[in-house]
file work-v5.cif (mmCIF, C-alpha atoms)
data_structure
#
loop_
_atom_site.label_atom_id
_atom_site.label_comp_id
_atom_site.auth_asym_id
_atom_site.auth_seq_id
_atom_site.Cartn_x
_atom_site.Cartn_y
_atom_site.Cartn_z
CA MET A 1 -164.96 -100.92 -54.62
CA ASP A 2 -161.55 -99.65 -55.76
CA ARG A 3 -163.10 -96.43 -57.00
CA GLU A 4 -160.18 -94.16 -56.11
CA LEU A 5 -157.71 -96.39 -57.95
CA LEU A 6 -159.96 -96.70 -61.00
CA GLU A 7 -160.28 -92.92 -61.16
CA ARG A 8 -156.51 -92.53 -60.90
CA LEU A 9 -155.95 -94.90 -63.81
CA TYR A 10 -158.48 -93.03 -65.94
CA HIS A 11 -156.90 -89.66 -65.24
CA ARG A 12 -153.43 -91.03 -66.02
CA ALA A 13 -154.71 -92.34 -69.36
CA VAL A 14 -156.35 -89.01 -70.18
CA ASP A 15 -153.28 -87.02 -69.19
CA ALA A 16 -151.15 -89.08 -71.57
CA ALA A 17 -153.44 -88.06 -74.44
CA GLN A 18 -153.36 -84.33 -73.75
CA PRO A 19 -152.29 -82.30 -76.80
CA ARG A 20 -149.94 -80.15 -74.70
CA HIS A 21 -147.63 -83.15 -74.35
CA ALA A 22 -147.55 -84.05 -78.04
CA ILE A 23 -147.92 -80.95 -80.20
CA ALA A 24 -144.46 -79.49 -79.56
CA ALA A 25 -142.77 -82.75 -80.61
CA ASN A 26 -144.67 -82.90 -83.90
CA LEU A 27 -144.43 -79.43 -85.40
CA PRO A 28 -144.18 -79.31 -89.20
CA GLU A 29 -141.48 -77.48 -91.11
CA PRO A 30 -142.30 -73.75 -91.34
CA PRO A 31 -143.40 -72.44 -94.74
CA ARG A 32 -141.92 -69.77 -96.97
CA GLY A 33 -145.39 -68.25 -97.11
CA ARG A 34 -148.35 -68.07 -94.76
CA THR A 35 -149.35 -70.42 -91.93
CA ILE A 36 -153.07 -71.23 -91.77
CA VAL A 37 -154.39 -73.28 -88.83
CA ILE A 38 -157.67 -75.17 -89.10
CA GLY A 39 -159.20 -77.97 -87.06
CA ALA A 40 -162.23 -79.87 -85.87
CA GLY A 41 -163.02 -82.25 -83.03
CA LYS A 42 -163.51 -82.53 -79.31
CA ALA A 43 -159.80 -81.98 -78.64
CA SER A 44 -159.22 -79.40 -81.36
CA ALA A 45 -159.39 -76.31 -79.13
CA GLN A 46 -156.78 -77.72 -76.76
CA MET A 47 -154.69 -78.69 -79.78
CA ALA A 48 -154.96 -75.12 -81.08
CA GLN A 49 -153.90 -73.66 -77.74
CA ALA A 50 -150.91 -76.02 -77.56
CA PHE A 51 -149.95 -75.22 -81.15
CA GLU A 52 -150.03 -71.49 -80.48
CA GLN A 53 -147.73 -71.93 -77.50
CA ALA A 54 -145.28 -74.14 -79.42
CA TRP A 55 -145.21 -72.49 -82.87
CA PRO A 56 -142.42 -69.87 -82.98
CA HIS A 57 -143.56 -68.34 -86.27
CA PRO A 58 -146.47 -66.10 -87.29
CA ILE A 59 -149.96 -67.57 -87.64
CA ASP A 60 -151.69 -65.67 -90.42
CA LYS A 61 -155.16 -67.13 -89.94
CA GLY A 62 -156.78 -69.75 -87.72
CA LEU A 63 -160.22 -71.34 -87.32
CA VAL A 64 -161.04 -74.44 -85.27
CA VAL A 65 -164.43 -76.04 -84.52
CA THR A 66 -165.11 -77.91 -81.28
CA ARG A 67 -168.09 -79.14 -79.27
CA TYR A 68 -170.16 -76.79 -77.13
CA GLY A 69 -168.45 -76.37 -73.77
CA TYR A 70 -165.05 -77.55 -75.05
CA ALA A 71 -163.54 -74.19 -76.09
CA VAL A 72 -160.38 -72.79 -74.46
CA ALA A 73 -158.78 -69.39 -74.84
CA CYS A 74 -156.53 -68.84 -77.86
CA GLU A 75 -154.84 -65.63 -78.97
CA ARG A 76 -154.40 -66.10 -82.71
CA ILE A 77 -156.76 -68.94 -83.59
CA GLU A 78 -160.53 -68.46 -83.55
CA ILE A 79 -162.46 -71.17 -81.72
CA VAL A 80 -166.04 -71.88 -82.82
CA GLU A 81 -168.40 -74.21 -80.95
CA ALA A 82 -171.03 -76.44 -82.56
CA ALA A 83 -173.25 -79.41 -81.75
CA HIS A 84 -172.24 -83.05 -81.31
CA PRO A 85 -173.28 -85.82 -81.97
CA VAL A 86 -176.08 -84.43 -84.19
CA PRO A 87 -174.89 -81.46 -86.28
CA ASP A 88 -176.41 -78.00 -85.98
CA ILE A 89 -176.36 -74.84 -88.10
CA ALA A 90 -173.32 -73.49 -86.22
CA GLY A 91 -171.28 -76.46 -87.44
CA TYR A 92 -172.62 -76.06 -90.97
CA LEU A 93 -171.60 -72.39 -91.09
CA ALA A 94 -168.20 -73.19 -89.54
CA ALA A 95 -167.55 -75.89 -92.17
CA ARG A 96 -168.29 -73.37 -94.92
CA ARG A 97 -165.88 -70.92 -93.32
CA LEU A 98 -163.16 -73.60 -93.16
CA LEU A 99 -163.53 -74.23 -96.89
CA GLU A 100 -163.23 -70.49 -97.52
CA THR A 101 -160.23 -70.23 -95.17
CA VAL A 102 -158.14 -72.70 -97.19
CA SER A 103 -159.20 -71.44 -100.62
CA GLY A 104 -156.81 -69.55 -102.86
CA LEU A 105 -153.56 -70.61 -101.19
CA SER A 106 -150.18 -71.04 -102.89
CA HIS A 107 -147.35 -73.60 -102.98
CA ASP A 108 -145.52 -71.53 -100.38
CA ASP A 109 -148.33 -71.70 -97.81
CA LEU A 110 -148.81 -74.21 -94.99
CA VAL A 111 -152.14 -75.46 -93.64
CA VAL A 112 -151.88 -77.06 -90.21
CA ALA A 113 -154.94 -79.27 -89.62
CA LEU A 114 -155.67 -80.16 -85.98
CA ILE A 115 -158.06 -83.11 -86.14
CA SER A 116 -159.64 -85.20 -83.39
CA GLY A 117 -162.64 -87.42 -82.83
CA GLY A 118 -166.04 -85.78 -83.04
CA GLY A 119 -165.12 -83.78 -86.13
CA SER A 120 -167.55 -85.74 -88.33
CA ALA A 121 -170.56 -84.18 -86.60
CA LEU A 122 -168.86 -80.81 -86.12
CA LEU A 123 -168.21 -80.35 -89.87
CA PRO A 124 -171.55 -80.90 -91.59
CA GLN A 125 -171.38 -79.91 -95.25
CA PRO A 126 -173.78 -81.96 -97.37
CA ALA A 127 -172.90 -82.94 -100.92
CA GLN A 128 -174.78 -81.29 -103.76
CA GLY A 129 -178.34 -82.58 -103.86
CA LEU A 130 -178.56 -83.09 -100.08
CA SER A 131 -179.89 -80.56 -97.60
CA PHE A 132 -178.48 -79.79 -94.18
CA GLU A 133 -181.56 -81.50 -92.72
CA ASP A 134 -180.72 -84.61 -94.77
CA GLU A 135 -177.23 -84.68 -93.22
CA GLN A 136 -178.71 -84.32 -89.73
CA GLU A 137 -181.02 -87.27 -90.42
CA VAL A 138 -178.13 -89.34 -91.78
CA ASN A 139 -176.24 -88.77 -88.51
CA GLN A 140 -179.25 -89.73 -86.41
CA VAL A 141 -179.75 -92.94 -88.41
CA LEU A 142 -176.07 -93.86 -88.10
CA LEU A 143 -175.96 -93.18 -84.35
CA ALA A 144 -178.98 -95.43 -83.74
CA SER A 145 -177.78 -98.23 -86.02
CA GLY A 146 -175.13 -99.86 -83.85
CA ALA A 147 -172.64 -99.60 -86.72
CA PRO A 148 -168.94 -99.21 -85.79
CA ILE A 149 -167.41 -95.76 -86.15
CA GLY A 150 -165.40 -96.85 -89.19
CA VAL A 151 -168.56 -97.92 -91.00
CA MET A 152 -170.31 -94.67 -90.14
CA ASN A 153 -167.43 -92.59 -91.43
CA VAL A 154 -167.17 -94.48 -94.74
CA ILE A 155 -170.83 -93.63 -95.39
CA ARG A 156 -170.47 -90.04 -94.19
CA ASN A 157 -167.56 -89.60 -96.59
CA GLU A 158 -169.68 -90.37 -99.64
CA LEU A 159 -172.38 -87.87 -98.64
CA SER A 160 -170.13 -84.94 -97.73
CA ALA A 161 -168.60 -81.95 -99.48
CA ILE A 162 -165.77 -81.60 -96.93
CA LYS A 163 -164.86 -85.06 -95.60
CA GLY A 164 -162.65 -87.74 -97.16
CA GLY A 165 -159.78 -85.41 -98.06
CA ARG A 166 -161.98 -82.84 -99.76
CA LEU A 167 -160.90 -80.03 -97.42
CA ALA A 168 -157.24 -80.70 -98.22
CA ALA A 169 -158.05 -80.84 -101.92
CA VAL A 170 -159.47 -77.31 -101.70
CA ALA A 171 -156.28 -76.19 -99.91
CA SER A 172 -154.06 -77.47 -102.76
CA PRO A 173 -151.44 -76.48 -103.85
CA ALA A 174 -150.63 -75.48 -100.26
CA ARG A 175 -148.87 -78.09 -98.10
CA VAL A 176 -151.21 -79.62 -95.50
CA ALA A 177 -149.74 -81.00 -92.25
CA THR A 178 -152.35 -82.95 -90.30
CA LEU A 179 -151.89 -83.64 -86.57
CA ILE A 180 -154.36 -86.16 -85.17
CA VAL A 181 -155.63 -87.19 -81.75
CA SER A 182 -157.09 -90.57 -82.73
CA ASP A 183 -160.35 -92.00 -81.41
CA ILE A 184 -160.49 -94.73 -84.07
CA PRO A 185 -159.72 -98.39 -83.20
CA GLY A 186 -156.63 -99.21 -85.22
CA ASP A 187 -155.78 -95.50 -85.71
CA ASP A 188 -156.59 -95.21 -89.41
CA PRO A 189 -156.06 -91.45 -89.86
CA SER A 190 -158.56 -91.23 -92.73
CA LEU A 191 -161.37 -92.33 -90.40
CA VAL A 192 -160.72 -89.81 -87.61
CA ALA A 193 -163.42 -87.14 -88.02
CA SER A 194 -164.09 -88.78 -91.42
CA GLY A 195 -160.73 -87.50 -92.66
CA PRO A 196 -161.38 -83.92 -93.86
CA THR A 197 -157.70 -83.64 -94.84
CA VAL A 198 -156.88 -87.34 -95.34
CA PRO A 199 -158.49 -89.26 -98.23
CA MET A 200 -160.06 -92.64 -97.52
CA ALA A 201 -159.24 -95.87 -99.32
CA SER A 202 -162.94 -96.81 -99.39
CA SER A 203 -165.28 -96.68 -102.39
CA ARG A 204 -168.85 -95.80 -103.29
CA ALA A 205 -169.58 -99.51 -103.74
CA GLU A 206 -168.31 -100.24 -100.23
CA ALA A 207 -170.51 -97.50 -98.77
CA ARG A 208 -173.56 -98.94 -100.55
CA HIS A 209 -172.73 -102.42 -99.27
CA LEU A 210 -172.36 -101.20 -95.68
CA ALA A 211 -175.60 -99.22 -95.81
CA ALA A 212 -177.41 -102.36 -96.95
CA LEU A 213 -175.60 -104.59 -94.45
CA TYR A 214 -176.73 -102.44 -91.52
CA ARG A 215 -180.18 -101.91 -93.06
CA LEU A 216 -179.88 -98.15 -92.84
CA LYS A 217 -183.01 -96.18 -93.69
CA LEU A 218 -181.32 -93.09 -95.05
CA PRO A 219 -183.21 -90.08 -96.44
CA GLU A 220 -184.11 -90.45 -100.11
CA PRO A 221 -181.56 -87.89 -101.42
CA ALA A 222 -178.80 -89.77 -99.59
CA GLU A 223 -179.94 -93.09 -101.05
CA ASP A 224 -180.01 -91.54 -104.51
CA LEU A 225 -176.48 -90.17 -104.14
CA LEU A 226 -175.10 -93.52 -102.95
CA ALA A 227 -176.69 -95.15 -106.00
CA SER A 228 -175.01 -92.66 -108.36
CA ASP A 229 -171.44 -91.79 -109.33
CA GLN A 230 -171.75 -88.16 -108.26
CA ASN A 231 -169.57 -86.52 -105.54
CA LEU A 232 -166.90 -89.21 -105.73
CA ALA A 233 -164.18 -88.63 -103.12
CA PRO A 234 -160.53 -88.09 -104.04
CA THR A 235 -158.31 -91.14 -103.64
CA PRO A 236 -155.06 -91.45 -101.65
CA ALA A 237 -153.19 -91.51 -104.98
CA ASP A 238 -154.44 -88.04 -105.93
CA PRO A 239 -151.33 -85.91 -106.67
CA ARG A 240 -152.80 -83.01 -104.69
CA PHE A 241 -151.92 -84.92 -101.50
CA SER A 242 -148.39 -85.98 -102.51
CA HIS A 243 -146.56 -83.34 -100.43
CA ASN A 244 -148.86 -83.47 -97.40
CA SER A 245 -148.01 -85.10 -94.05
CA VAL A 246 -150.08 -86.93 -91.43
CA ARG A 247 -149.07 -87.69 -87.84
CA ILE A 248 -151.04 -89.35 -85.04
CA ILE A 249 -149.86 -87.57 -81.89
CA ALA A 250 -152.13 -89.25 -79.31
CA SER A 251 -154.05 -92.52 -79.28
CA ALA A 252 -155.68 -95.13 -77.09
CA ALA A 253 -152.57 -97.29 -77.26
CA LEU A 254 -150.40 -94.61 -75.64
CA SER A 255 -153.06 -93.92 -73.01
CA LEU A 256 -153.40 -97.57 -72.04
CA ASP A 257 -149.63 -97.87 -71.74
CA ALA A 258 -149.65 -94.93 -69.32
CA ALA A 259 -152.48 -96.45 -67.27
CA ALA A 260 -150.68 -99.79 -67.16
CA ALA A 261 -147.53 -98.10 -65.86
CA GLU A 262 -149.58 -96.43 -63.13
CA ALA A 263 -151.30 -99.72 -62.26
CA GLY A 264 -147.92 -101.44 -61.94
CA ASN A 265 -147.13 -99.14 -59.01
CA THR A 266 -150.07 -100.49 -57.00
CA GLY A 267 -148.99 -104.11 -56.58
CA LEU A 268 -151.59 -105.27 -59.10
CA THR A 269 -150.33 -106.73 -62.37
CA PRO A 270 -151.79 -104.88 -65.38
CA HIS A 271 -152.77 -106.57 -68.64
CA ILE A 272 -153.78 -104.61 -71.74
CA LEU A 273 -156.34 -106.65 -73.67
CA SER A 274 -156.53 -104.37 -76.73
CA ASP A 275 -156.76 -100.72 -77.67
CA ALA A 276 -159.09 -101.45 -80.60
CA ILE A 277 -162.10 -103.38 -79.24
CA GLU A 278 -165.34 -102.82 -81.15
CA GLY A 279 -168.79 -104.38 -81.01
CA GLU A 280 -172.14 -104.04 -79.29
CA ALA A 281 -171.49 -102.67 -75.79
CA ARG A 282 -173.38 -105.39 -73.94
CA ASP A 283 -171.68 -108.13 -75.99
CA VAL A 284 -168.23 -106.68 -75.32
CA ALA A 285 -169.18 -106.59 -71.64
CA GLY A 286 -169.93 -110.31 -71.76
CA VAL A 287 -166.42 -111.10 -73.01
CA HIS A 288 -164.83 -108.93 -70.32
CA VAL A 289 -166.98 -110.60 -67.64
CA ALA A 290 -165.94 -114.07 -68.82
CA LEU A 291 -162.28 -113.12 -68.48
CA ALA A 292 -162.78 -111.52 -65.06
CA ARG A 293 -164.65 -114.52 -63.67
CA GLU A 294 -162.09 -116.98 -65.08
CA ILE A 295 -159.28 -115.04 -63.42
CA ARG A 296 -161.14 -114.77 -60.13
CA SER A 297 -162.06 -118.46 -59.91
CA ARG A 298 -159.21 -120.23 -61.74
CA ASN A 299 -156.31 -117.75 -61.99
CA ARG A 300 -156.25 -118.02 -65.78
CA PRO A 301 -155.37 -116.67 -68.27
CA PHE A 302 -153.85 -114.22 -65.74
CA GLU A 303 -153.23 -114.59 -62.02
CA LYS A 304 -155.00 -112.32 -59.56
CA PRO A 305 -154.66 -109.72 -58.26
CA THR A 306 -154.70 -107.99 -61.62
CA ILE A 307 -156.09 -105.07 -63.60
CA LEU A 308 -157.48 -105.59 -67.09
CA LEU A 309 -157.28 -102.54 -69.37
CA SER A 310 -158.92 -102.08 -72.75
CA GLY A 311 -159.89 -99.38 -75.22
CA GLY A 312 -161.57 -98.96 -78.58
CA GLU A 313 -165.14 -97.94 -79.30
CA THR A 314 -168.21 -100.02 -78.59
CA THR A 315 -171.59 -99.26 -80.12
CA VAL A 316 -175.20 -99.32 -78.96
CA THR A 317 -178.14 -100.35 -81.10
CA ILE A 318 -180.89 -98.16 -79.70
CA ARG A 319 -183.99 -100.18 -78.88
CA GLY A 320 -185.49 -98.12 -76.04
CA ASP A 321 -186.02 -94.49 -75.12
CA GLY A 322 -183.81 -94.30 -72.04
CA ARG A 323 -180.71 -92.24 -71.38
CA GLY A 324 -177.13 -93.45 -71.46
CA GLY A 325 -173.98 -93.76 -73.56
CA ARG A 326 -172.05 -96.80 -74.69
CA ASN A 327 -169.77 -96.94 -71.63
CA ALA A 328 -172.63 -96.86 -69.14
CA GLU A 329 -174.43 -99.53 -71.20
CA PHE A 330 -171.29 -101.68 -71.21
CA LEU A 331 -171.01 -101.34 -67.45
CA LEU A 332 -174.67 -102.05 -66.72
CA ALA A 333 -174.41 -105.32 -68.65
CA PHE A 334 -171.14 -106.01 -66.79
CA ALA A 335 -172.76 -105.28 -63.39
CA LEU A 336 -175.60 -107.70 -64.06
CA ALA A 337 -173.18 -110.46 -65.06
CA ILE A 338 -170.97 -110.11 -61.94
CA GLU A 339 -173.85 -109.72 -59.48
CA GLY A 340 -172.90 -111.33 -56.16
CA GLN A 341 -169.24 -111.77 -57.15
CA GLU A 342 -166.74 -110.38 -54.64
CA GLY A 343 -163.39 -108.91 -55.60
CA ILE A 344 -164.36 -107.49 -59.01
CA SER A 345 -164.82 -103.77 -59.67
CA ALA A 346 -164.78 -101.81 -62.88
CA LEU A 347 -164.86 -98.42 -64.58
CA ALA A 348 -165.89 -97.74 -68.17
CA ALA A 349 -165.66 -94.16 -69.41
CA ASP A 350 -165.12 -92.02 -72.49
CA THR A 351 -161.79 -90.21 -72.44
CA ASP A 352 -163.39 -87.00 -73.71
CA GLY A 353 -165.40 -86.77 -70.49
CA ILE A 354 -168.83 -87.23 -72.08
CA ASP A 355 -170.47 -90.63 -72.57
CA GLY A 356 -172.97 -90.17 -75.39
CA ALA A 357 -175.09 -87.07 -74.82
CA GLY A 358 -175.05 -87.11 -71.01
CA ASP A 359 -173.00 -85.14 -68.49
CA ASN A 360 -171.04 -88.20 -67.31
CA ALA A 361 -167.86 -89.74 -68.63
CA GLY A 362 -169.05 -93.21 -67.66
CA ALA A 363 -169.76 -95.21 -64.51
CA PHE A 364 -168.42 -97.54 -61.80
CA CYS A 365 -169.68 -100.95 -60.71
CA ASP A 366 -168.90 -103.99 -58.56
CA GLY A 367 -170.69 -107.17 -57.51
CA THR A 368 -173.17 -105.23 -55.36
CA THR A 369 -174.24 -102.67 -57.97
CA ALA A 370 -177.21 -104.54 -59.50
CA ALA A 371 -178.65 -105.37 -56.07
CA ARG A 372 -178.27 -101.75 -54.95
CA MET A 373 -180.14 -100.63 -58.06
CA ARG A 374 -183.05 -102.87 -57.13
CA SER A 375 -183.03 -101.48 -53.60
CA ALA A 376 -183.24 -98.00 -55.13
CA GLY A 377 -186.31 -98.99 -57.14
CA ILE A 378 -184.54 -99.64 -60.45
CA ASP A 379 -184.82 -102.93 -62.34
CA PRO A 380 -181.35 -103.13 -63.95
CA ARG A 381 -182.42 -105.63 -66.62
CA ALA A 382 -185.34 -103.43 -67.65
CA ALA A 383 -183.01 -100.43 -67.67
CA LEU A 384 -180.59 -102.27 -69.97
CA ALA A 385 -183.42 -103.26 -72.32
CA ASN A 386 -184.53 -99.60 -72.43
CA ASN A 387 -180.98 -98.23 -72.98
CA ASP A 388 -181.39 -96.39 -69.67
CA ALA A 389 -178.04 -97.06 -68.00
CA TYR A 390 -177.57 -93.41 -67.01
CA ASN A 391 -180.57 -93.33 -64.69
CA ALA A 392 -179.75 -96.77 -63.29
CA PHE A 393 -176.26 -95.66 -62.22
CA ARG A 394 -177.48 -92.28 -61.04
CA ALA A 395 -179.81 -94.05 -58.60
CA VAL A 396 -176.81 -95.67 -56.85
CA ALA A 397 -174.35 -92.76 -57.15
CA GLY A 398 -172.38 -94.77 -59.69
CA LEU A 399 -171.93 -92.12 -62.38
CA PHE A 400 -168.42 -90.88 -63.13
CA ILE A 401 -168.52 -87.15 -63.91
CA THR A 402 -165.38 -85.32 -65.03
CA GLY A 403 -166.52 -82.62 -67.43
CA PRO A 404 -164.72 -82.15 -70.79
CA THR A 405 -161.15 -83.46 -70.54
CA GLY A 406 -159.60 -81.68 -73.51
CA THR A 407 -158.77 -84.84 -75.43
CA ASN A 408 -160.51 -87.82 -77.03
CA VAL A 409 -158.97 -91.27 -77.55
CA ASN A 410 -162.26 -93.09 -77.06
CA ASP A 411 -163.31 -95.68 -74.51
CA PHE A 412 -161.28 -96.54 -71.41
CA ARG A 413 -162.08 -99.64 -69.39
CA ALA A 414 -160.35 -100.84 -66.24
CA ILE A 415 -161.36 -103.98 -64.33
CA ILE A 416 -159.76 -104.89 -61.01
CA ILE A 417 -159.84 -108.55 -59.92
CA ARG A 418 -158.64 -109.29 -56.39
#
call {"tool": "encode", "arguments": {"input": "work-v5.cif", "output": "structure tokens"}}
result
Amino acid sequence: MDRELLERLYHRAVDAAQPRHAIAANLPEPPRGRTIVIGAGKASAQMAQAFEQAWPHPIDKGLVVTRYGYAVACERIEIVEAAHPVPDIAGYLAARRLLETVSGLSHDDLVVALISGGGSALLPQPAQGLSFEDEQEVNQVLLASGAPIGVMNVIRNELSAIKGGRLAAVASPARVATLIVSDIPGDDPSLVASGPTVPMASSRAEARHLAALYRLKLPEPAEDLLASDQNLAPTPADPRFSHNSVRIIASAALSLDAAAAEAGNTGLTPHILSDAIEGEARDVAGVHVALAREIRSRNRPFEKPTILLSGGETTVTIRGDGRGGRNAEFLLAFALAIEGQEGISALAADTDGIDGAGDNAGAFCDGTTAARMRSAGIDPRAALANNDAYNAFRAVAGLFITGPTGTNVNDFRAIIIR
């Protein structure tokens, strides 16, 4: 297996998405008044640290929320940790503090919003009529549904008191400059962290349609709110947002370009399939397998040796009670489909360093992986049916463990065909 090369490509992709490389080139114009820094997401603490180092002016106040274990030292910006992917009370209290932080500002003030993926769970603030426990249940239902991240965030927007531009609306008339590390396929800034400072173009009717389409069993207060016209989100045309700015400073597209450049130095020809692939993890794996086998046996649509790169965000419809994130599930389905095939090896991992709720970023596989699982006493097909990819890969030392990386541009997949 080309494990060392696969790791190198992953780390090159992650390095290209580090906030320290992008913040300094995207600083907003300084204000006549105060500078307030806020943020939320898995990369927000690193973004805050980079902003502090690059901003040559005073920072009057700062508060950023990140996932437990993701904090880094900052001098002028307070870093608070909270739970992800299911919100906890620390996130709820932090969201309330963020709303208070941006209240009462003037036209002369600047709010710098440092937003990255994961912020939806880190900023729980239920709409009036919903309890914090209702919002927790909504998140659990969405995570188990198999719905794409964009669908989840449209629904979250309608049930929140802070998402969908509402935080920026509270900050008005201050100017809000939003800097984003995007984990959303297609890089719609309003969907990253459910857009606390960027209004969505969606509607209440769309949210109701999506909830029905995915047969979501939401708590009764959430169903009642979706059926009403209460808590309607501001629209992109709202004049309170007219002088705000939004910049995506890191994304999957930039990371895949960096990995492709690194791969080109190895003698293997890289091909980027897409930076915005979505769908059920095991189904997406099937498409990738079909391409890999076609290349290996027929040298089409690309000639071997080659490296296929892709990004985006797959989903998992939870059917079992096993352990494992979407990247490990993708790779377990991939390993079963290439069993016995020589010359194919692959890595699938989350660029934030955590695949789901485990301690691994993802996993490695080749044509021997499924057989080695059986030798270790694991039935890989049963493990896939039980959503237990983590334990299957752990049994064959196939887990990829990096710890938090400091950024988050979603899934990274690399497949080598020799």
call {"tool": "resolve_selection", "arguments": {"input": "work-v5.cif", "expression": "the PyMOL selection byres ((chain A and resi 294-308) around 12)", "output": "VMD selection string"}}
result
chain A and resid 2 5 to 6 9 256 to 257 259 to 275 287 to 293 309 to 311 338 341 to 348 412 to 418
call {"tool": "residues_near_point", "arguments": {"input": "work-v5.cif", "point": "(-142.1, -82.8, -80.1)", "cutoff": "12 Å", "atoms": "all atoms listed in the file", "output": "number ranges by chain"}}
result
A: 19-28, 50-51, 54-55, 179, 247, 249-250
call {"tool": "residues_around", "arguments": {"input": "work-v5.cif", "residues": "range 198-214 of chain A", "least_positions_apart": "4", "cutoff": "10 Å", "atoms": "only C-alpha atoms", "output": "ChimeraX atom specification"}}
result
/A:142,145-147,151-159,163-169,176,178,188-194,218,223,225-238,241,244-246
call {"tool": "atom_distance", "arguments": {"input": "work-v5.cif", "atom1": "CA of Ala376 in chain A", "atom2": "CA of Asp350 in chain A"}}
result
25.8 Å
call {"tool": "atom_distance", "arguments": {"input": "work-v5.cif", "atom1": "CA of Lys217 in chain A", "atom2": "CA of Glu81 in chain A"}}
result
29.3 Å
call {"tool": "residues_near_point", "arguments": {"input": "work-v5.cif", "point": "(-157.9, -80.2, -88.3)", "cutoff": "6 Å", "atoms": "all atoms listed in the file", "output": "MDAnalysis selection string"}}
result
chainID A and resid 38:40 113:115
call {"tool": "resolve_selection", "arguments": {"input": "work-v5.cif", "expression": "the PyMOL selection byres ((chain A and resi 93-106) around 6)", "output": "number ranges by chain"}}
result
A: 90-92, 107-109, 123, 170-171, 173-174
call {"tool": "decode", "arguments": {"input": "work-v5.cif", "residues": "range 358-369 of chain A", "atoms": "N, CA, C and O atoms", "output": "mmCIF file, in the first residue's frame"}}
result
data_model
loop_
_atom_site.group_PDB
_atom_site.id
_atom_site.type_symbol
_atom_site.label_atom_id
_atom_site.label_comp_id
_atom_site.auth_asym_id
_atom_site.auth_seq_id
_atom_site.Cartn_x
_atom_site.Cartn_y
_atom_site.Cartn_z
ATOM 1 N N GLY A 358 -15.274 9.897 16.278
ATOM 2 C CA GLY A 358 -14.145 9.071 16.703
ATOM 3 C C GLY A 358 -12.894 9.889 16.950
ATOM 4 O O GLY A 358 -12.918 11.118 16.973
ATOM 5 N N ASP A 359 -11.760 9.182 17.105
ATOM 6 C CA ASP A 359 -10.472 9.859 17.289
ATOM 7 C C ASP A 359 -9.626 9.794 16.030
ATOM 8 O O ASP A 359 -8.478 10.219 16.018
ATOM 9 N N ASN A 360 -10.197 9.262 14.952
ATOM 10 C CA ASN A 360 -9.461 9.101 13.694
ATOM 11 C C ASN A 360 -9.937 10.104 12.656
ATOM 12 O O ASN A 360 -11.093 10.541 12.665
ATOM 13 N N ALA A 361 -9.020 10.462 11.757
ATOM 14 C CA ALA A 361 -9.403 11.316 10.634
ATOM 15 C C ALA A 361 -10.095 10.504 9.549
ATOM 16 O O ALA A 361 -10.949 11.018 8.819
ATOM 17 N N GLY A 362 -9.709 9.249 9.416
ATOM 18 C CA GLY A 362 -10.268 8.386 8.396
ATOM 19 C C GLY A 362 -9.565 7.043 8.428
ATOM 20 O O GLY A 362 -9.226 6.530 9.501
ATOM 21 N N ALA A 363 -9.281 6.482 7.227
ATOM 22 C CA ALA A 363 -8.680 5.154 7.171
ATOM 23 C C ALA A 363 -8.015 4.932 5.815
ATOM 24 O O ALA A 363 -8.214 5.697 4.868
ATOM 25 N N PHE A 364 -7.204 3.856 5.770
ATOM 26 C CA PHE A 364 -6.519 3.410 4.554
ATOM 27 C C PHE A 364 -7.056 2.044 4.149
ATOM 28 O O PHE A 364 -7.466 1.243 5.005
ATOM 29 N N CYS A 365 -6.980 1.744 2.835
ATOM 30 C CA CYS A 365 -7.310 0.387 2.399
ATOM 31 C C CYS A 365 -6.605 0.064 1.094
ATOM 32 O O CYS A 365 -6.134 0.951 0.376
ATOM 33 N N ASP A 366 -6.529 -1.229 0.791
ATOM 34 C CA ASP A 366 -6.098 -1.724 -0.519
ATOM 35 C C ASP A 366 -6.832 -3.022 -0.784
ATOM 36 O O ASP A 366 -7.787 -3.365 -0.061
ATOM 37 N N GLY A 367 -6.407 -3.766 -1.810
ATOM 38 C CA GLY A 367 -7.122 -4.978 -2.188
ATOM 39 C C GLY A 367 -7.033 -6.106 -1.191
ATOM 40 O O GLY A 367 -7.762 -7.092 -1.308
ATOM 41 N N THR A 368 -6.165 -5.984 -0.187
ATOM 42 C CA THR A 368 -6.035 -7.039 0.833
ATOM 43 C C THR A 368 -6.806 -6.725 2.111
ATOM 44 O O THR A 368 -6.883 -7.570 3.005
ATOM 45 N N THR A 369 -7.350 -5.521 2.229
ATOM 46 C CA THR A 369 -7.909 -5.067 3.503
ATOM 47 C C THR A 369 -9.069 -5.939 3.978
ATOM 48 O O THR A 369 -9.123 -6.343 5.147
#
